[in-house]
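Report on the following structure.
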Amino acid sequence: MLTHVLLAFFLLYTSCMAASLFDSTESGEEAASTPSADEDPHTNKNLFDATPIRGVNIGGVFLIEPFIRPSLFDQFLAIGNETERPVDEWTFSAALGKEEARRQLEQHWDTFVTREHLEAMAESGINWIRIPIGYWAFNLTQDEPFVDGQVPYVERLLGWARDVGLKVELDLHGAPGSQNGYDNSGRRGTPKWLLDRGNVDRTLDALEKMTRLAADWDDVVYGIQILNEPSRWKWPVADILEFYNEAYDLVRGITQDMYFMIHDTFLGPTEWATLVSANWTHALMDTHIYQMFDNYMVSINETMHIDMVAEMTKDIGAFDREHIGVVVGEFSAATHDCTKYINGFGTGSRWEGTLPGTDHPSCPFETCKCSGDYGSDYTQFSDHYKRFLKRYIDAQLAVYDRSIAGWFYWNFRTEGAPEWDYLVGVEQGWFPKFPRTAVPLADDTSSSDSMEVANTEFGDLQASAAPARHRADLAAPIRALFALLFLALLW
């Protein structure tokens, strides 16, 4: 009898240990994708889970860019003098006048992004969105041609994000005087941002108002990007860092736990530490990675583009581990600059040699034409090119989804720029789907059905994201096996 009791105790202990092994695997990995009650994704701003930021930019809405919605700018092609044609939101608004600019822009804000777009992204595995906003939504002077009124539409978007479970980064995308001279700052041309302290003060005022807006929606907004792409080619890095420190104090005076996000100013990863202060908390570095904005990049072949991913990202993982987290805040599937207005309204392409300053075509082929695989109609893409787009995206996500804090694709949609259009990419199969991890505020206990893998074609990335519950489910059969063994021994 004593032998039986000891044997029973041993088998019970072994069974419990086996169950514990699998249960600990579940609690260690599945808790990463399904937060517990103590780790509410709507209240814990420091919770990354095991699921990275998988985001999409809502670009070209509250700061218009010609290549994203060219139809807004095509109306100016009738202006005979090309130098008088609008090229950005500043000149767009100046050409139309306040009343007509407001009418067209309000229609744009109201229709270009919809709740259905956010629902589609959440169902495809997106869990964050990044919303670029120009400073003039918060700080507009009478002598500027811009129009304001964006905030109610931003708040409507935040409400939709809450409803479908998406977390949000608010991004101050343009500063007074322009921080880089690009049309994506709202004003193309010579930048004047840091030439005038008044511009800095207005930037900080806009940032304060945007941060207070974020604080009002702190169950949805998890990150504040203080300024998009201030260029180290235009401004001394020390001056940009001074602004970053002022911005940090401002943001932390309003919220302590929201992510404070800075751009790398186009410095390489080995120099990023010069942009970060040791006393910062909950900070993230934003970097933008494209392979088509210089002559060399558009001239290399498909294999070289894929190999270039590793070369361009070799140091970002180390920075993520040793300093602050890294997010690739912008990237795309494009490897050419044939996209209409991608280099600015009224400019040509390096690909065909029509961009001002280029004297010959640059592409990996004998004949360089912006048509077929390199045109705006994805229905004309060859199967080979679609396979390349998938391989190129997969190569990027193999780094951005595994080695760092995460990523935001640029952009959610476009008019006729398929390699820049997330929704088209998913529909056509070159951008993968992931398990849904977006948790609606009203439904923190998502059903297991909503967490199933939506698309298993992405191989290793999908496998790494899949929860460990399948291994945990083995615990019950193992308990039963030990029980049967116990009964057999007693017999």
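In the structure tokens, chains take the letters A, B, ... in the order shown, each chain's residues start at 1, and ligands count up from 1 in the order shown.
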Which of segment 28-257 of chain A DSSP labels strand (DSSP E or B), written as a count of residues only: 26
Pick out the residues sitting within 12 Å of His305 of chain A, and hand them over as a list in words; count only C-alpha atoms, and ignore anything fewer than 3 positions along from it in its own chain.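 So, after excluding close chain neighbours, the residues are Tyr290, Gln291, Met292, Tyr296, Met297, Val298, Ser299, Ile300, Asn301, Glu302, Met308, Val309, Ala310, Glu311, Met312, Ala333, Ala334, Thr335, His336, Pro364, Phe388, Leu389, Arg391, Tyr392, Ile393, Ala395 and Gln396 of chain A.
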So, with only C-alpha atoms as the atoms that count, which of A:Ile224, A:Leu96, A:Ala214, A:Val56 lies closest to Ala120 of chain A?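 Comparing A:Ile224, A:Leu96, A:Ala214, A:Val56 against Ala120 of chain A, the winner is A:Val56.
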Which residues in segment 58-207 of chain A does DSSP call helix (DSSP H, G or I)? List them as a PyMOL selection string. chain A and resi 71-74+82-84+89-96+98-111+115-123+135-137+151-164+183-185+193-195+197-207
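Rounded to one decimal, atom CA of Glu366 of chain A and atom CA of Asp294 of chain A lie 18.5 Å from each other.
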So that I can check the surroundings of Asn199 of chain A, please list as a VMD selection string every protein, DNA and RNA residue that reaches within 12 Å of it, counting only C-alpha atoms and ignoring chain neighbours fewer than 2 positions away. chain A and resid 135 139 to 141 174 to 179 191 to 197 201 to 206 243
Dump as a short mmCIF file (atom, residue, chain, number, x, y, z; two decimals), in the first residue's frame, selection limited to N, CA, C and O atoms:
```cif
data_model
loop_
_atom_site.label_atom_id
_atom_site.label_comp_id
_atom_site.auth_asym_id
_atom_site.auth_seq_id
_atom_site.Cartn_x
_atom_site.Cartn_y
_atom_site.Cartn_z
N TYR A 135 1.09 71.69 -38.63
CA TYR A 135 1.01 72.58 -37.47
C TYR A 135 -0.19 73.51 -37.55
O TYR A 135 -0.75 73.95 -36.52
N ASN A 139 -2.11 75.90 -34.90
CA ASN A 139 -1.52 77.24 -34.76
C ASN A 139 -1.44 77.88 -36.14
O ASN A 139 -0.51 77.63 -36.91
N LEU A 140 -2.44 78.69 -36.45
CA LEU A 140 -2.53 79.31 -37.77
C LEU A 140 -2.63 80.82 -37.62
O LEU A 140 -3.45 81.32 -36.85
N THR A 141 -1.79 81.54 -38.35
CA THR A 141 -1.85 83.00 -38.32
C THR A 141 -2.62 83.51 -39.53
O THR A 141 -2.77 82.82 -40.54
N GLY A 174 4.39 68.81 -40.08
CA GLY A 174 4.91 70.04 -40.67
C GLY A 174 5.08 71.10 -39.61
O GLY A 174 4.26 71.21 -38.69
N ALA A 175 6.14 71.90 -39.71
CA ALA A 175 6.44 72.96 -38.75
C ALA A 175 6.46 74.32 -39.46
O ALA A 175 6.73 74.39 -40.66
N PRO A 176 6.20 75.40 -38.74
CA PRO A 176 6.28 76.74 -39.35
C PRO A 176 7.65 76.98 -39.99
O PRO A 176 8.68 76.70 -39.39
N GLY A 177 7.65 77.48 -41.22
CA GLY A 177 8.90 77.72 -41.93
C GLY A 177 9.43 76.51 -42.65
O GLY A 177 10.37 76.62 -43.45
N SER A 178 8.86 75.33 -42.39
CA SER A 178 9.26 74.03 -42.95
C SER A 178 10.56 73.54 -42.34
O SER A 178 11.59 74.21 -42.39
N GLN A 179 10.51 72.35 -41.79
CA GLN A 179 11.67 71.74 -41.15
C GLN A 179 12.60 71.04 -42.12
O GLN A 179 13.70 70.63 -41.74
N PRO A 191 13.91 75.76 -46.49
CA PRO A 191 13.34 75.72 -45.14
C PRO A 191 13.85 76.88 -44.28
O PRO A 191 14.98 77.33 -44.41
N LYS A 192 12.97 77.35 -43.40
CA LYS A 192 13.30 78.49 -42.55
C LYS A 192 12.98 78.24 -41.07
O LYS A 192 13.04 79.15 -40.25
N TRP A 193 12.68 77.00 -40.75
CA TRP A 193 12.18 76.66 -39.41
C TRP A 193 13.06 77.19 -38.28
O TRP A 193 12.62 77.97 -37.44
N LEU A 194 14.33 76.81 -38.24
CA LEU A 194 15.19 77.19 -37.13
C LEU A 194 15.89 78.54 -37.34
O LEU A 194 16.72 78.93 -36.52
N LEU A 195 15.53 79.24 -38.40
CA LEU A 195 16.11 80.57 -38.61
C LEU A 195 15.44 81.62 -37.73
O LEU A 195 15.95 82.73 -37.58
N ASP A 196 14.30 81.27 -37.17
CA ASP A 196 13.51 82.24 -36.41
C ASP A 196 12.98 81.55 -35.15
O ASP A 196 12.27 80.54 -35.24
N ARG A 197 13.33 82.08 -33.98
CA ARG A 197 12.85 81.49 -32.73
C ARG A 197 11.32 81.47 -32.68
O ARG A 197 10.71 80.59 -32.07
N ASP A 201 8.82 78.49 -31.32
CA ASP A 201 7.78 78.70 -30.32
C ASP A 201 6.42 78.26 -30.87
O ASP A 201 5.61 77.64 -30.14
N ARG A 202 6.16 78.54 -32.13
CA ARG A 202 4.89 78.13 -32.72
C ARG A 202 4.82 76.61 -32.88
O ARG A 202 3.76 76.00 -32.71
N THR A 203 5.95 76.01 -33.19
CA THR A 203 6.00 74.54 -33.27
C THR A 203 5.66 73.94 -31.92
O THR A 203 4.87 72.98 -31.83
N LEU A 204 6.26 74.48 -30.86
CA LEU A 204 6.00 73.96 -29.52
C LEU A 204 4.54 74.20 -29.10
O LEU A 204 3.94 73.35 -28.43
N ASP A 205 3.98 75.32 -29.52
CA ASP A 205 2.57 75.58 -29.22
C ASP A 205 1.67 74.56 -29.92
O ASP A 205 0.73 74.02 -29.32
N ALA A 206 1.97 74.29 -31.20
CA ALA A 206 1.19 73.28 -31.93
C ALA A 206 1.36 71.91 -31.28
O ALA A 206 0.38 71.15 -31.14
N PHE A 243 15.83 71.38 -29.60
CA PHE A 243 14.38 71.36 -29.78
C PHE A 243 13.78 70.08 -29.19
O PHE A 243 12.74 70.12 -28.52
#
```
Residues of segment 184-288 of chain A within 8 Å of segment 146-160 of chain A: nearest atom pair and distance (Å, one decimal) for each, counting only C-alpha atoms, sorted by chain and number, as a tab-separated table?
```
residue	atom	partner	partner_atom	distance
A:Trp217	CA	A:Leu158	CA	7.6
A:Val220	CA	A:Leu158	CA	6.9
A:Val221	CA	A:Leu158	CA	8.0
```
Using only C-alpha atoms, pick whichever of A:Phe138, A:Trp410, A:Trp351, A:Tyr378 has the shortest atom-to-atom distance to Leu207 of chain A.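 Comparing A:Phe138, A:Trp410, A:Trp351, A:Tyr378 against Leu207 of chain A, the winner is A:Phe138.
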Counting only C-alpha atoms, which of A:Arg321, A:Lys390, A:Arg162, A:His384 gets nearest to Phe431 of chain A?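 Ranked by minimum distance to Phe431 of chain A, first place goes to A:Lys390.
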Grab the atom CA of Asp216 of chain A to atom CA of Gly134 of chain A distance for me, in Å with one decimal place.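 Rounded to one decimal, the two atoms are 19.2 Å apart.
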Nearby residues (only C-alpha atoms) at most 9 Å from Trp128 of chain A, same-chain spacing under 3 positions excluded, as JSON, numbers by chain: {"A": [53, 54, 55, 56, 57, 122, 161, 165, 166, 167, 168, 169, 408, 438]}
Got time to write the residues from that selection, N, CA and C atoms, as a compact mmCIF listing (two decimals), in the first residue's frame?
```txt
# COMPACT_ATOMS: atom_id res chain seq x y z
N ILE A 53 4.60 46.67 -32.97
CA ILE A 53 3.77 47.67 -33.64
C ILE A 53 3.69 47.26 -35.10
N ARG A 54 2.47 47.05 -35.57
CA ARG A 54 2.23 46.76 -36.99
C ARG A 54 1.27 47.84 -37.48
N GLY A 55 1.85 48.88 -38.06
CA GLY A 55 1.06 50.07 -38.33
C GLY A 55 1.03 50.49 -39.77
N VAL A 56 0.11 51.40 -40.04
CA VAL A 56 -0.05 52.00 -41.37
C VAL A 56 -0.24 53.50 -41.18
N ASN A 57 0.38 54.28 -42.05
CA ASN A 57 0.22 55.73 -42.03
C ASN A 57 -1.09 56.14 -42.68
N ALA A 122 -7.56 46.59 -39.51
CA ALA A 122 -7.57 45.80 -38.27
C ALA A 122 -7.76 44.32 -38.57
N ALA A 161 -10.84 54.54 -34.58
CA ALA A 161 -9.73 53.71 -34.11
C ALA A 161 -10.10 53.03 -32.80
N GLY A 165 -10.28 49.07 -32.33
CA GLY A 165 -9.19 48.58 -31.49
C GLY A 165 -7.81 48.99 -31.90
N LEU A 166 -7.67 49.99 -32.76
CA LEU A 166 -6.35 50.42 -33.21
C LEU A 166 -5.75 51.44 -32.25
N LYS A 167 -4.47 51.28 -31.95
CA LYS A 167 -3.73 52.29 -31.21
C LYS A 167 -3.25 53.35 -32.20
N VAL A 168 -2.96 54.54 -31.68
CA VAL A 168 -2.69 55.68 -32.56
C VAL A 168 -1.42 56.40 -32.14
N GLU A 169 -0.66 56.81 -33.15
CA GLU A 169 0.42 57.78 -32.98
C GLU A 169 0.00 59.06 -33.69
N PHE A 408 5.49 51.16 -39.50
CA PHE A 408 4.30 51.79 -40.10
C PHE A 408 4.53 51.86 -41.61
N ALA A 438 -5.66 43.88 -32.82
CA ALA A 438 -6.34 45.12 -32.47
C ALA A 438 -7.54 44.78 -31.59
```
Show me, as number ranges by chain, the residues that have an atom within 8 Å of Leu63 of chain A when counting only C-alpha atoms, minus same-chain residues fewer than 6 positions from it. A: 89, 132-134, 173, 184-186
Would you put the residues from that selection into a file with all heavy atoms, as a PDB file, in the first residue's frame?
```pdb
ATOM      1  N   GLU A  89       0.610  72.094 -49.949  1.00  0.00           N
ATOM      2  CA  GLU A  89      -0.637  72.594 -49.376  1.00  0.00           C
ATOM      3  C   GLU A  89      -0.627  74.112 -49.220  1.00  0.00           C
ATOM      4  O   GLU A  89      -1.680  74.760 -49.328  1.00  0.00           O
ATOM      5  CB  GLU A  89      -0.929  71.930 -48.023  1.00  0.00           C
ATOM      6  CG  GLU A  89      -2.302  72.288 -47.489  1.00  0.00           C
ATOM      7  CD  GLU A  89      -2.851  71.318 -46.455  1.00  0.00           C
ATOM      8  OE1 GLU A  89      -2.372  70.166 -46.380  1.00  0.00           O
ATOM      9  OE2 GLU A  89      -3.772  71.724 -45.718  1.00  0.00           O
ATOM     10  N   PRO A 132      -0.421  61.770 -39.571  1.00  0.00           N
ATOM     11  CA  PRO A 132       0.343  63.010 -39.784  1.00  0.00           C
ATOM     12  C   PRO A 132      -0.593  64.223 -39.837  1.00  0.00           C
ATOM     13  O   PRO A 132      -1.635  64.196 -40.490  1.00  0.00           O
ATOM     14  CB  PRO A 132       1.020  62.783 -41.138  1.00  0.00           C
ATOM     15  CG  PRO A 132       0.894  61.298 -41.419  1.00  0.00           C
ATOM     16  CD  PRO A 132      -0.389  60.897 -40.763  1.00  0.00           C
ATOM     17  N   ILE A 133      -0.188  65.295 -39.148  1.00  0.00           N
ATOM     18  CA  ILE A 133      -0.989  66.512 -39.075  1.00  0.00           C
ATOM     19  C   ILE A 133      -0.054  67.710 -39.208  1.00  0.00           C
ATOM     20  O   ILE A 133       1.015  67.749 -38.586  1.00  0.00           O
ATOM     21  CB  ILE A 133      -1.752  66.611 -37.739  1.00  0.00           C
ATOM     22  CG1 ILE A 133      -2.516  65.313 -37.436  1.00  0.00           C
ATOM     23  CG2 ILE A 133      -2.709  67.802 -37.752  1.00  0.00           C
ATOM     24  CD1 ILE A 133      -3.110  65.265 -36.045  1.00  0.00           C
ATOM     25  N   GLY A 134      -0.438  68.696 -39.985  1.00  0.00           N
ATOM     26  CA  GLY A 134       0.330  69.924 -40.106  1.00  0.00           C
ATOM     27  C   GLY A 134       0.112  70.851 -38.920  1.00  0.00           C
ATOM     28  O   GLY A 134      -0.958  70.840 -38.301  1.00  0.00           O
ATOM     29  N   HIS A 173       3.583  66.704 -38.535  1.00  0.00           N
ATOM     30  CA  HIS A 173       4.267  66.403 -39.793  1.00  0.00           C
ATOM     31  C   HIS A 173       4.849  67.640 -40.467  1.00  0.00           C
ATOM     32  O   HIS A 173       5.685  67.514 -41.367  1.00  0.00           O
ATOM     33  CB  HIS A 173       3.278  65.706 -40.741  1.00  0.00           C
ATOM     34  CG  HIS A 173       3.894  64.680 -41.625  1.00  0.00           C
ATOM     35  ND1 HIS A 173       4.395  63.473 -41.166  1.00  0.00           N
ATOM     36  CD2 HIS A 173       4.093  64.655 -42.969  1.00  0.00           C
ATOM     37  CE1 HIS A 173       4.860  62.767 -42.181  1.00  0.00           C
ATOM     38  NE2 HIS A 173       4.704  63.463 -43.289  1.00  0.00           N
ATOM     39  N   ASN A 184       6.078  67.398 -48.143  1.00  0.00           N
ATOM     40  CA  ASN A 184       5.413  66.712 -47.038  1.00  0.00           C
ATOM     41  C   ASN A 184       5.454  67.494 -45.732  1.00  0.00           C
ATOM     42  O   ASN A 184       4.898  67.055 -44.724  1.00  0.00           O
ATOM     43  CB  ASN A 184       5.979  65.293 -46.838  1.00  0.00           C
ATOM     44  CG  ASN A 184       7.452  65.284 -46.471  1.00  0.00           C
ATOM     45  OD1 ASN A 184       7.963  66.185 -45.808  1.00  0.00           O
ATOM     46  ND2 ASN A 184       8.152  64.232 -46.884  1.00  0.00           N
ATOM     47  N   SER A 185       6.114  68.651 -45.736  1.00  0.00           N
ATOM     48  CA  SER A 185       6.067  69.541 -44.576  1.00  0.00           C
ATOM     49  C   SER A 185       4.963  70.579 -44.733  1.00  0.00           C
ATOM     50  O   SER A 185       4.716  71.368 -43.816  1.00  0.00           O
ATOM     51  CB  SER A 185       7.408  70.268 -44.404  1.00  0.00           C
ATOM     52  OG  SER A 185       7.589  71.257 -45.418  1.00  0.00           O
ATOM     53  N   GLY A 186       4.317  70.593 -45.899  1.00  0.00           N
ATOM     54  CA  GLY A 186       3.294  71.574 -46.192  1.00  0.00           C
ATOM     55  C   GLY A 186       3.781  72.722 -47.049  1.00  0.00           C
ATOM     56  O   GLY A 186       2.977  73.447 -47.650  1.00  0.00           O
TER      57      GLY A 186
END
```
Contacts of segment 77-80 of chain A at 10 Å or less, counting only C-alpha atoms, minus same-chain residues fewer than 4 places along, as a PyMOL selection string? chain A and resi 73+84-86+345-346
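You will find atom CA of Val328 of chain A at 12.9 Å from atom CA of Asn411 of chain A.
Among A:Asp359, A:Glu419, A:Glu116, A:Asp315, the residue with the shortest atom-to-atom distance to Asp373 of chain A, counting only C-alpha atoms, is A:Glu419.
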